[in-house]
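With compact mmCIF, N, CA and C atoms and all ligand atoms inside, this is input16.txt:
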# COMPACT_ATOMS: atom_id res chain seq x y z
N MET A 1 237.68 -12.37 100.59
CA MET A 1 236.34 -11.77 100.52
C MET A 1 236.03 -11.05 101.83
N ALA A 2 235.23 -10.02 101.69
CA ALA A 2 234.85 -9.24 102.86
C ALA A 2 233.33 -9.13 102.90
N VAL A 3 232.81 -8.87 104.08
CA VAL A 3 231.37 -8.61 104.22
C VAL A 3 231.11 -7.19 103.72
N THR A 4 230.24 -7.09 102.72
CA THR A 4 229.91 -5.78 102.12
C THR A 4 228.39 -5.67 102.00
N ARG A 5 227.98 -4.51 101.46
CA ARG A 5 226.54 -4.25 101.32
C ARG A 5 226.17 -4.04 99.86
N THR A 6 224.93 -4.36 99.54
CA THR A 6 224.41 -4.02 98.23
C THR A 6 222.97 -3.56 98.39
N PHE A 7 222.43 -3.01 97.29
CA PHE A 7 221.08 -2.50 97.29
C PHE A 7 220.22 -3.35 96.36
N SER A 8 219.02 -3.68 96.82
CA SER A 8 218.11 -4.54 96.07
C SER A 8 216.74 -3.90 95.97
N ILE A 9 216.07 -4.13 94.85
CA ILE A 9 214.65 -3.77 94.73
C ILE A 9 213.88 -5.01 94.28
N ILE A 10 212.83 -5.33 95.03
CA ILE A 10 211.85 -6.31 94.54
C ILE A 10 210.84 -5.52 93.73
N LYS A 11 210.82 -5.78 92.42
CA LYS A 11 210.11 -4.91 91.47
C LYS A 11 208.59 -5.17 91.46
N PRO A 12 207.82 -4.27 90.82
CA PRO A 12 206.34 -4.36 90.88
C PRO A 12 205.78 -5.67 90.34
N ASP A 13 206.42 -6.31 89.36
CA ASP A 13 205.87 -7.58 88.87
C ASP A 13 205.89 -8.63 89.96
N ALA A 14 206.89 -8.56 90.85
CA ALA A 14 207.02 -9.54 91.93
C ALA A 14 206.09 -9.21 93.10
N THR A 15 206.00 -7.92 93.48
CA THR A 15 205.09 -7.59 94.59
C THR A 15 203.64 -7.88 94.19
N ARG A 16 203.32 -7.63 92.90
CA ARG A 16 201.95 -7.86 92.41
C ARG A 16 201.56 -9.33 92.53
N ARG A 17 202.54 -10.21 92.33
CA ARG A 17 202.26 -11.66 92.40
C ARG A 17 202.54 -12.25 93.78
N ASN A 18 202.69 -11.36 94.78
CA ASN A 18 202.87 -11.80 96.18
C ASN A 18 204.14 -12.62 96.34
N LEU A 19 205.21 -12.17 95.69
CA LEU A 19 206.47 -12.91 95.71
C LEU A 19 207.54 -12.25 96.58
N THR A 20 207.15 -11.30 97.43
CA THR A 20 208.15 -10.66 98.29
C THR A 20 208.88 -11.69 99.15
N GLY A 21 208.11 -12.60 99.72
CA GLY A 21 208.72 -13.64 100.56
C GLY A 21 209.56 -14.61 99.74
N GLY A 22 209.04 -15.00 98.58
CA GLY A 22 209.76 -15.96 97.73
C GLY A 22 211.10 -15.41 97.27
N VAL A 23 211.10 -14.15 96.84
CA VAL A 23 212.36 -13.53 96.41
C VAL A 23 213.31 -13.39 97.59
N THR A 24 212.78 -12.92 98.72
CA THR A 24 213.63 -12.71 99.89
C THR A 24 214.23 -14.03 100.36
N LYS A 25 213.47 -15.10 100.30
CA LYS A 25 214.02 -16.40 100.71
C LYS A 25 215.20 -16.79 99.81
N MET A 26 215.08 -16.53 98.52
CA MET A 26 216.20 -16.87 97.62
C MET A 26 217.43 -16.01 97.94
N LEU A 27 217.22 -14.75 98.29
CA LEU A 27 218.34 -13.89 98.67
C LEU A 27 219.00 -14.43 99.95
N GLU A 28 218.16 -14.78 100.93
CA GLU A 28 218.69 -15.29 102.20
C GLU A 28 219.40 -16.63 102.01
N ASP A 29 218.81 -17.48 101.19
CA ASP A 29 219.44 -18.79 100.94
C ASP A 29 220.79 -18.64 100.25
N ALA A 30 220.96 -17.51 99.54
CA ALA A 30 222.25 -17.25 98.86
C ALA A 30 223.29 -16.68 99.83
N GLY A 31 222.90 -16.48 101.09
CA GLY A 31 223.87 -16.01 102.09
C GLY A 31 223.77 -14.53 102.39
N LEU A 32 222.74 -13.88 101.85
CA LEU A 32 222.58 -12.44 102.09
C LEU A 32 221.61 -12.21 103.25
N ARG A 33 221.89 -11.16 104.01
CA ARG A 33 221.06 -10.80 105.16
C ARG A 33 220.36 -9.47 104.85
N VAL A 34 219.04 -9.42 105.06
CA VAL A 34 218.29 -8.18 104.84
C VAL A 34 218.47 -7.31 106.08
N ILE A 35 219.27 -6.24 105.97
CA ILE A 35 219.55 -5.40 107.14
C ILE A 35 218.72 -4.12 107.14
N ALA A 36 217.96 -3.90 106.05
CA ALA A 36 216.98 -2.81 105.99
C ALA A 36 215.99 -3.16 104.89
N SER A 37 214.73 -2.81 105.09
CA SER A 37 213.71 -3.15 104.09
C SER A 37 212.50 -2.27 104.28
N LYS A 38 211.96 -1.76 103.17
CA LYS A 38 210.67 -1.07 103.25
C LYS A 38 209.93 -1.16 101.92
N ARG A 39 208.61 -1.23 102.05
CA ARG A 39 207.74 -1.30 100.86
C ARG A 39 207.30 0.12 100.56
N ILE A 40 207.56 0.58 99.34
CA ILE A 40 207.25 1.96 98.97
C ILE A 40 206.58 2.00 97.59
N GLN A 41 205.87 3.08 97.35
CA GLN A 41 205.40 3.39 96.00
C GLN A 41 206.34 4.46 95.47
N MET A 42 207.16 4.11 94.49
CA MET A 42 208.10 5.09 93.93
C MET A 42 207.36 6.16 93.16
N THR A 43 207.83 7.40 93.26
CA THR A 43 207.29 8.47 92.41
C THR A 43 208.01 8.41 91.06
N LYS A 44 207.41 9.09 90.07
CA LYS A 44 208.02 9.16 88.75
C LYS A 44 209.40 9.81 88.86
N GLU A 45 209.49 10.86 89.65
CA GLU A 45 210.76 11.58 89.81
C GLU A 45 211.82 10.68 90.44
N GLN A 46 211.42 9.92 91.44
CA GLN A 46 212.36 8.99 92.09
C GLN A 46 212.87 7.95 91.10
N ALA A 47 211.94 7.39 90.32
CA ALA A 47 212.33 6.34 89.36
C ALA A 47 213.22 6.92 88.27
N GLU A 48 212.90 8.11 87.79
CA GLU A 48 213.72 8.75 86.75
C GLU A 48 215.13 9.04 87.28
N GLY A 49 215.20 9.47 88.52
CA GLY A 49 216.51 9.76 89.13
C GLY A 49 217.30 8.48 89.35
N PHE A 50 216.62 7.45 89.81
CA PHE A 50 217.30 6.19 90.08
C PHE A 50 217.90 5.60 88.81
N TYR A 51 217.15 5.68 87.70
CA TYR A 51 217.59 5.09 86.43
C TYR A 51 218.18 6.14 85.48
N ALA A 52 218.66 7.26 86.01
CA ALA A 52 219.17 8.35 85.17
C ALA A 52 220.24 7.88 84.19
N VAL A 53 221.03 6.89 84.60
CA VAL A 53 222.09 6.36 83.73
C VAL A 53 221.51 5.77 82.44
N HIS A 54 220.23 5.39 82.47
CA HIS A 54 219.58 4.79 81.28
C HIS A 54 218.73 5.79 80.51
N ARG A 55 218.86 7.08 80.83
CA ARG A 55 217.97 8.09 80.27
C ARG A 55 217.92 8.09 78.74
N GLU A 56 219.05 7.79 78.11
CA GLU A 56 219.10 7.82 76.64
C GLU A 56 218.68 6.50 75.99
N ARG A 57 218.42 5.49 76.81
CA ARG A 57 218.09 4.17 76.24
C ARG A 57 216.64 4.19 75.74
N PRO A 58 216.34 3.43 74.67
CA PRO A 58 214.98 3.46 74.10
C PRO A 58 213.90 2.97 75.07
N PHE A 59 214.31 2.16 76.05
CA PHE A 59 213.32 1.59 76.96
C PHE A 59 213.13 2.42 78.23
N PHE A 60 213.77 3.60 78.30
CA PHE A 60 213.77 4.38 79.55
C PHE A 60 212.35 4.70 80.04
N ASN A 61 211.50 5.25 79.15
CA ASN A 61 210.15 5.65 79.58
C ASN A 61 209.32 4.44 80.02
N ASP A 62 209.45 3.34 79.27
CA ASP A 62 208.74 2.12 79.66
C ASP A 62 209.22 1.61 81.02
N LEU A 63 210.53 1.69 81.23
CA LEU A 63 211.11 1.21 82.49
C LEU A 63 210.59 2.03 83.67
N VAL A 64 210.58 3.35 83.50
CA VAL A 64 210.08 4.22 84.58
C VAL A 64 208.60 3.92 84.85
N SER A 65 207.79 3.79 83.78
CA SER A 65 206.35 3.48 83.95
C SER A 65 206.17 2.16 84.69
N PHE A 66 206.98 1.17 84.31
CA PHE A 66 206.90 -0.13 84.98
C PHE A 66 207.25 0.00 86.46
N MET A 67 208.31 0.73 86.77
CA MET A 67 208.78 0.79 88.16
C MET A 67 207.82 1.53 89.09
N ILE A 68 206.91 2.35 88.49
CA ILE A 68 205.93 3.05 89.33
C ILE A 68 204.54 2.43 89.17
N SER A 69 204.46 1.26 88.53
CA SER A 69 203.16 0.63 88.27
C SER A 69 202.60 -0.07 89.51
N GLY A 70 203.35 -0.14 90.57
CA GLY A 70 202.90 -0.76 91.81
C GLY A 70 204.00 -0.63 92.84
N PRO A 71 203.73 -1.10 94.07
CA PRO A 71 204.75 -0.98 95.11
C PRO A 71 206.00 -1.81 94.82
N VAL A 72 207.09 -1.34 95.37
CA VAL A 72 208.34 -2.09 95.32
C VAL A 72 208.84 -2.26 96.75
N VAL A 73 209.75 -3.21 96.95
CA VAL A 73 210.40 -3.37 98.26
C VAL A 73 211.88 -3.06 98.07
N VAL A 74 212.33 -1.98 98.71
CA VAL A 74 213.75 -1.63 98.64
C VAL A 74 214.44 -2.22 99.85
N GLN A 75 215.64 -2.78 99.62
CA GLN A 75 216.34 -3.50 100.68
C GLN A 75 217.84 -3.19 100.65
N VAL A 76 218.43 -3.20 101.81
CA VAL A 76 219.88 -3.23 101.91
C VAL A 76 220.26 -4.65 102.32
N LEU A 77 221.14 -5.25 101.54
CA LEU A 77 221.59 -6.63 101.79
C LEU A 77 223.05 -6.62 102.21
N GLU A 78 223.38 -7.51 103.14
CA GLU A 78 224.76 -7.60 103.61
C GLU A 78 225.20 -9.05 103.53
N GLY A 79 226.45 -9.26 103.15
CA GLY A 79 227.00 -10.61 103.08
C GLY A 79 228.38 -10.58 102.47
N GLU A 80 228.99 -11.77 102.36
CA GLU A 80 230.30 -11.89 101.72
C GLU A 80 230.17 -11.42 100.27
N ASP A 81 230.97 -10.44 99.89
CA ASP A 81 231.00 -9.98 98.50
C ASP A 81 229.56 -9.77 98.00
N ALA A 82 228.81 -8.91 98.69
CA ALA A 82 227.35 -8.82 98.51
C ALA A 82 226.94 -8.47 97.09
N VAL A 83 227.66 -7.57 96.42
CA VAL A 83 227.25 -7.17 95.06
C VAL A 83 227.28 -8.39 94.14
N LEU A 84 228.39 -9.12 94.16
CA LEU A 84 228.53 -10.28 93.27
C LEU A 84 227.60 -11.41 93.69
N THR A 85 227.50 -11.66 94.99
CA THR A 85 226.62 -12.72 95.48
C THR A 85 225.19 -12.46 95.02
N ASN A 86 224.76 -11.19 95.13
CA ASN A 86 223.39 -10.84 94.73
C ASN A 86 223.22 -10.95 93.22
N ARG A 87 224.20 -10.43 92.44
CA ARG A 87 224.09 -10.50 90.98
C ARG A 87 224.02 -11.96 90.52
N THR A 88 224.74 -12.83 91.22
CA THR A 88 224.73 -14.25 90.84
C THR A 88 223.37 -14.89 91.10
N VAL A 89 222.78 -14.61 92.25
CA VAL A 89 221.48 -15.23 92.55
C VAL A 89 220.36 -14.55 91.75
N MET A 90 220.55 -13.29 91.34
CA MET A 90 219.54 -12.62 90.50
C MET A 90 219.44 -13.28 89.13
N GLY A 91 220.57 -13.56 88.50
CA GLY A 91 220.58 -14.08 87.14
C GLY A 91 220.61 -12.97 86.11
N ALA A 92 220.72 -13.37 84.83
CA ALA A 92 220.87 -12.40 83.74
C ALA A 92 219.65 -11.50 83.61
N THR A 93 219.88 -10.29 83.07
CA THR A 93 218.81 -9.30 82.91
C THR A 93 217.61 -9.89 82.17
N ASN A 94 217.90 -10.58 81.07
CA ASN A 94 216.83 -11.24 80.31
C ASN A 94 216.62 -12.64 80.88
N PRO A 95 215.44 -12.92 81.42
CA PRO A 95 215.24 -14.24 82.07
C PRO A 95 215.48 -15.41 81.13
N GLU A 96 215.33 -15.16 79.83
CA GLU A 96 215.60 -16.24 78.87
C GLU A 96 217.07 -16.68 78.92
N ASN A 97 217.94 -15.77 79.36
CA ASN A 97 219.37 -16.08 79.44
C ASN A 97 219.82 -16.40 80.87
N ALA A 98 218.90 -16.40 81.81
CA ALA A 98 219.27 -16.58 83.22
C ALA A 98 219.47 -18.06 83.53
N ASP A 99 220.44 -18.34 84.41
CA ASP A 99 220.72 -19.71 84.82
C ASP A 99 219.58 -20.28 85.67
N GLU A 100 219.45 -21.60 85.60
CA GLU A 100 218.50 -22.30 86.48
C GLU A 100 218.82 -21.98 87.93
N GLY A 101 217.77 -21.82 88.73
CA GLY A 101 217.97 -21.59 90.15
C GLY A 101 218.14 -20.13 90.52
N THR A 102 218.20 -19.26 89.53
CA THR A 102 218.30 -17.82 89.83
C THR A 102 216.89 -17.24 90.01
N ILE A 103 216.86 -16.06 90.63
CA ILE A 103 215.57 -15.41 90.89
C ILE A 103 214.87 -15.08 89.57
N ARG A 104 215.64 -14.54 88.62
CA ARG A 104 214.99 -14.14 87.37
C ARG A 104 214.53 -15.35 86.56
N LYS A 105 215.29 -16.44 86.57
CA LYS A 105 214.84 -17.66 85.87
C LYS A 105 213.56 -18.18 86.52
N THR A 106 213.51 -18.10 87.86
CA THR A 106 212.38 -18.65 88.59
C THR A 106 211.13 -17.78 88.47
N TYR A 107 211.33 -16.45 88.54
CA TYR A 107 210.17 -15.57 88.72
C TYR A 107 209.94 -14.52 87.63
N ALA A 108 210.97 -14.11 86.88
CA ALA A 108 210.80 -12.95 85.98
C ALA A 108 209.81 -13.24 84.87
N GLU A 109 209.10 -12.19 84.46
CA GLU A 109 208.11 -12.30 83.38
C GLU A 109 208.71 -11.94 82.02
N SER A 110 209.69 -11.00 82.02
CA SER A 110 210.26 -10.48 80.77
C SER A 110 211.55 -9.76 81.08
N ILE A 111 212.23 -9.29 80.02
CA ILE A 111 213.47 -8.53 80.23
C ILE A 111 213.21 -7.26 81.04
N GLU A 112 212.02 -6.70 80.93
CA GLU A 112 211.69 -5.49 81.70
C GLU A 112 211.16 -5.88 83.09
N ALA A 113 210.14 -6.71 83.11
CA ALA A 113 209.51 -7.12 84.37
C ALA A 113 210.30 -8.31 84.92
N ASN A 114 211.53 -8.00 85.38
CA ASN A 114 212.45 -9.08 85.73
C ASN A 114 212.67 -9.20 87.25
N SER A 115 211.66 -8.78 88.01
CA SER A 115 211.48 -9.12 89.43
C SER A 115 212.43 -8.47 90.42
N VAL A 116 213.70 -8.26 90.04
CA VAL A 116 214.65 -7.71 91.00
C VAL A 116 215.63 -6.74 90.33
N HIS A 117 216.07 -5.79 91.13
CA HIS A 117 217.23 -4.95 90.80
C HIS A 117 218.33 -5.28 91.79
N GLY A 118 219.58 -5.20 91.33
CA GLY A 118 220.72 -5.31 92.25
C GLY A 118 221.85 -4.42 91.77
N SER A 119 222.50 -3.74 92.68
CA SER A 119 223.61 -2.85 92.32
C SER A 119 224.68 -3.63 91.56
N ASP A 120 225.39 -2.91 90.66
CA ASP A 120 226.41 -3.57 89.84
C ASP A 120 227.83 -3.29 90.29
N SER A 121 228.01 -2.50 91.36
CA SER A 121 229.35 -2.26 91.90
C SER A 121 229.20 -1.77 93.34
N ASP A 122 230.29 -1.87 94.11
CA ASP A 122 230.25 -1.36 95.49
C ASP A 122 229.96 0.13 95.51
N GLU A 123 230.55 0.84 94.53
CA GLU A 123 230.36 2.29 94.46
C GLU A 123 228.88 2.63 94.22
N ASN A 124 228.26 1.95 93.25
CA ASN A 124 226.84 2.22 92.98
C ASN A 124 225.96 1.74 94.12
N ALA A 125 226.35 0.67 94.79
CA ALA A 125 225.58 0.20 95.95
C ALA A 125 225.48 1.31 97.00
N ALA A 126 226.59 1.95 97.28
CA ALA A 126 226.59 3.02 98.30
C ALA A 126 225.68 4.18 97.85
N ILE A 127 225.76 4.53 96.57
CA ILE A 127 224.93 5.62 96.04
C ILE A 127 223.44 5.25 96.12
N GLU A 128 223.13 4.03 95.72
CA GLU A 128 221.73 3.59 95.67
C GLU A 128 221.15 3.42 97.08
N ILE A 129 221.95 2.89 98.01
CA ILE A 129 221.48 2.78 99.41
C ILE A 129 221.15 4.17 99.93
N ASP A 130 222.03 5.12 99.67
CA ASP A 130 221.85 6.49 100.13
C ASP A 130 220.63 7.15 99.49
N TYR A 131 220.28 6.72 98.28
CA TYR A 131 219.14 7.30 97.54
C TYR A 131 217.82 6.96 98.23
N PHE A 132 217.75 5.79 98.88
CA PHE A 132 216.47 5.34 99.45
C PHE A 132 216.45 5.22 100.98
N PHE A 133 217.61 5.19 101.62
CA PHE A 133 217.62 4.95 103.07
C PHE A 133 218.40 6.02 103.82
N LYS A 134 217.82 6.41 104.97
CA LYS A 134 218.57 7.21 105.94
C LYS A 134 219.43 6.25 106.77
N PRO A 135 220.59 6.71 107.23
CA PRO A 135 221.46 5.80 108.00
C PRO A 135 220.73 5.10 109.16
N GLU A 136 219.83 5.82 109.82
CA GLU A 136 219.16 5.23 110.99
C GLU A 136 218.13 4.17 110.61
N GLU A 137 217.82 4.06 109.32
CA GLU A 137 216.88 3.02 108.86
C GLU A 137 217.58 1.69 108.62
N ILE A 138 218.91 1.71 108.64
CA ILE A 138 219.68 0.48 108.40
C ILE A 138 220.05 -0.07 109.77
N VAL A 139 219.26 -1.09 110.18
CA VAL A 139 219.30 -1.49 111.59
C VAL A 139 220.11 -2.77 111.83
N GLY A 140 220.56 -3.40 110.77
CA GLY A 140 221.41 -4.58 110.95
C GLY A 140 220.63 -5.88 110.98
P1 LIG B 201 220.29 -5.12 85.35
O1 LIG B 201 221.50 -4.51 86.00
O2 LIG B 201 220.44 -6.60 85.12
O3 LIG B 201 219.00 -4.78 86.06
O4 LIG B 201 220.17 -4.51 83.86
P2 LIG B 201 220.39 -3.02 83.27
O5 LIG B 201 221.04 -2.13 84.28
O6 LIG B 201 221.02 -3.18 81.94
O7 LIG B 201 218.90 -2.52 83.01
C1 LIG B 201 218.12 -1.98 84.04
C2 LIG B 201 216.71 -2.49 83.90
O8 LIG B 201 216.13 -1.99 82.69
C3 LIG B 201 216.57 -4.02 83.76
O9 LIG B 201 216.61 -4.70 84.97
C4 LIG B 201 215.22 -4.14 83.08
O10 LIG B 201 214.16 -3.99 84.02
C5 LIG B 201 215.24 -2.95 82.13
N1 LIG B 201 215.75 -3.30 80.79
C6 LIG B 201 217.03 -3.63 80.43
N2 LIG B 201 217.13 -3.88 79.13
C7 LIG B 201 215.88 -3.70 78.62
C8 LIG B 201 215.32 -3.81 77.32
O11 LIG B 201 216.01 -4.11 76.33
N3 LIG B 201 213.98 -3.53 77.19
C9 LIG B 201 213.20 -3.18 78.26
N4 LIG B 201 211.90 -2.93 78.07
N5 LIG B 201 213.69 -3.07 79.51
C10 LIG B 201 215.00 -3.34 79.69
Can you turn what I pasted into structure tokens?
Amino acid sequence: MAVTRTFSIIKPDATRRNLTGGVTKMLEDAGLRVIASKRIQMTKEQAEGFYAVHRERPFFNDLVSFMISGPVVVQVLEGEDAVLTNRTVMGATNPENADEGTIRKTYAESIEANSVHGSDSDENAAIEIDYFFKPEEIVG
């Protein structure tokens, strides 16, 4: 295993319920280090671009509306095998299927309002980090 990076979003359902700290603690307890973080209000264009891969899915418009319904916290996480480590602590997309002790089992409201995003590959992590962060914003 190697130390790698992944990209995380604390979604609007979590920021609305004041769970930024709770989610971040679970990420840190899983061995991930927050090496960049900012709270932003995503624009519709940003959200559409970020989720472009889902453009043809029936839930695309709802997903974009949800992601701009309040502030989000975008983060760069670093740790051993960061993509997999993060996906494991996040839990399944649908919280009903998520394992005990995962972020989504603990905090998610629904399959859509599921509290966190995490990159699904090293390649997408690099693309997603670049989408939201300038190199100088990643301070270690
Ligand atoms: P993830 O990698 O676990 O986040 O899951 P996906 O990449 O498949 O989906 C991206 C996001 O779209 C999810 O995190 C949910 O917020 C949302 N989503 C996925 N499937 C559904 C669905 O069936 N209905 C709705 N409303 N939203 C969904």
**Report entry** Nearby residues, ligand LIG 201 (chain B), 8 Å, only C-alpha atoms and all ligand atoms, as a list in words
**Finding:**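 Here is the list of contacting residues: Tyr51, His54, Pro58, Phe59, Phe60, Asp62, Leu63, Arg87, Gly91, Ala92, Thr93, Asn94, Ile111, Glu112, Ala113, Asn114, Ser115, Val116, His117, Gly118, Ser119 and Asp120 of chain A.
Shortest separation to Ala30 of chain A among A:Glu137, A:Glu80, A:Ser110, A:Ala98 occurs at residue A:Glu80, atoms counted being only N, CA and C atoms.
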Query raised in the report: If you count all atoms listed in the file, which residues fall within 8 Å of Glu128 of chain A, apart from same-chain ones fewer than 2 positions away, as a ChimeraX atom specification?
Result: /A:6-8,50,119,122-126,130-133
**Report entry** For atom CA of Gly101 of chain A and atom CA of Lys38 of chain A, the interatomic separation in Å (one decimal)
**Finding:** 25.4 Å
**Report entry** Point-to-point distance from atom CA of Lys11 of chain A to atom CA of Gly140 of chain A, Å rounded to tenths
**Finding:**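 Taking atom CA of Lys11 of chain A and atom CA of Gly140 of chain A, their separation equals 22.5 Å.
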**Report entry** 9 Å contact set for Leu19 of chain A, only C-alpha atoms, chain neighbours under 5 positions out, as JSON, numbers by chain
**Finding:** {"A": [10, 13, 14, 24, 107, 115]}
Requested in this report: Check the smallest atom-to-atom distance from each of A:Val89, A:Glu56, A:Ser69, A:Lys25 to Thr43 of chain A using only C-alpha atoms, then report the winner.
Outcome: A:Ser69
**Report entry** Which of A:Leu77, A:Ala108, A:Ile9, A:Val83 sits closest to Pro95 of chain A [using all atoms listed in the file]
**Finding:** A:Ala108
As a tab-separated table (two decimals), in the coordinates of the input, could you write out segment 69-85 of chain A once it has been completed with N, CA, C and O atoms?
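The resulting file, rebuild06.tsv, is shown below:
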chain	number	residue	atom	x	y	z
A	69	SER	N	204.46	1.26	88.53
A	69	SER	CA	203.16	0.63	88.27
A	69	SER	C	202.60	-0.07	89.51
A	69	SER	O	201.46	-0.55	89.48
A	70	GLY	N	203.35	-0.14	90.57
A	70	GLY	CA	202.90	-0.76	91.81
A	70	GLY	C	204.00	-0.63	92.84
A	70	GLY	O	205.08	-0.11	92.55
A	71	PRO	N	203.73	-1.10	94.07
A	71	PRO	CA	204.75	-0.98	95.11
A	71	PRO	C	206.00	-1.81	94.82
A	71	PRO	O	205.94	-2.81	94.10
A	72	VAL	N	207.09	-1.34	95.37
A	72	VAL	CA	208.34	-2.09	95.32
A	72	VAL	C	208.84	-2.26	96.75
A	72	VAL	O	208.40	-1.55	97.66
A	73	VAL	N	209.75	-3.21	96.95
A	73	VAL	CA	210.40	-3.37	98.26
A	73	VAL	C	211.88	-3.06	98.07
A	73	VAL	O	212.56	-3.75	97.30
A	74	VAL	N	212.33	-1.98	98.71
A	74	VAL	CA	213.75	-1.63	98.64
A	74	VAL	C	214.44	-2.22	99.85
A	74	VAL	O	213.91	-2.21	100.97
A	75	GLN	N	215.64	-2.78	99.62
A	75	GLN	CA	216.34	-3.50	100.68
A	75	GLN	C	217.84	-3.19	100.65
A	75	GLN	O	218.41	-2.98	99.57
A	76	VAL	N	218.43	-3.20	101.81
A	76	VAL	CA	219.88	-3.23	101.91
A	76	VAL	C	220.26	-4.65	102.32
A	76	VAL	O	219.71	-5.20	103.29
A	77	LEU	N	221.14	-5.25	101.54
A	77	LEU	CA	221.59	-6.63	101.79
A	77	LEU	C	223.05	-6.62	102.21
A	77	LEU	O	223.84	-5.84	101.68
A	78	GLU	N	223.38	-7.51	103.14
A	78	GLU	CA	224.76	-7.60	103.61
A	78	GLU	C	225.20	-9.05	103.53
A	78	GLU	O	224.42	-9.97	103.78
A	79	GLY	N	226.45	-9.26	103.15
A	79	GLY	CA	227.00	-10.61	103.08
A	79	GLY	C	228.38	-10.58	102.47
A	79	GLY	O	228.88	-9.52	102.07
A	80	GLU	N	228.99	-11.77	102.36
A	80	GLU	CA	230.30	-11.89	101.72
A	80	GLU	C	230.17	-11.42	100.27
A	80	GLU	O	229.33	-11.95	99.53
A	81	ASP	N	230.97	-10.44	99.89
A	81	ASP	CA	231.00	-9.98	98.50
A	81	ASP	C	229.56	-9.77	98.00
A	81	ASP	O	229.14	-10.35	96.99
A	82	ALA	N	228.81	-8.91	98.69
A	82	ALA	CA	227.35	-8.82	98.51
A	82	ALA	C	226.94	-8.47	97.09
A	82	ALA	O	225.96	-9.03	96.58
A	83	VAL	N	227.66	-7.57	96.42
A	83	VAL	CA	227.25	-7.17	95.06
A	83	VAL	C	227.28	-8.39	94.14
A	83	VAL	O	226.30	-8.68	93.44
A	84	LEU	N	228.39	-9.12	94.16
A	84	LEU	CA	228.53	-10.28	93.27
A	84	LEU	C	227.60	-11.41	93.69
A	84	LEU	O	226.97	-12.07	92.84
A	85	THR	N	227.50	-11.66	94.99
A	85	THR	CA	226.62	-12.72	95.48
A	85	THR	C	225.19	-12.46	95.02
A	85	THR	O	224.48	-13.35	94.54
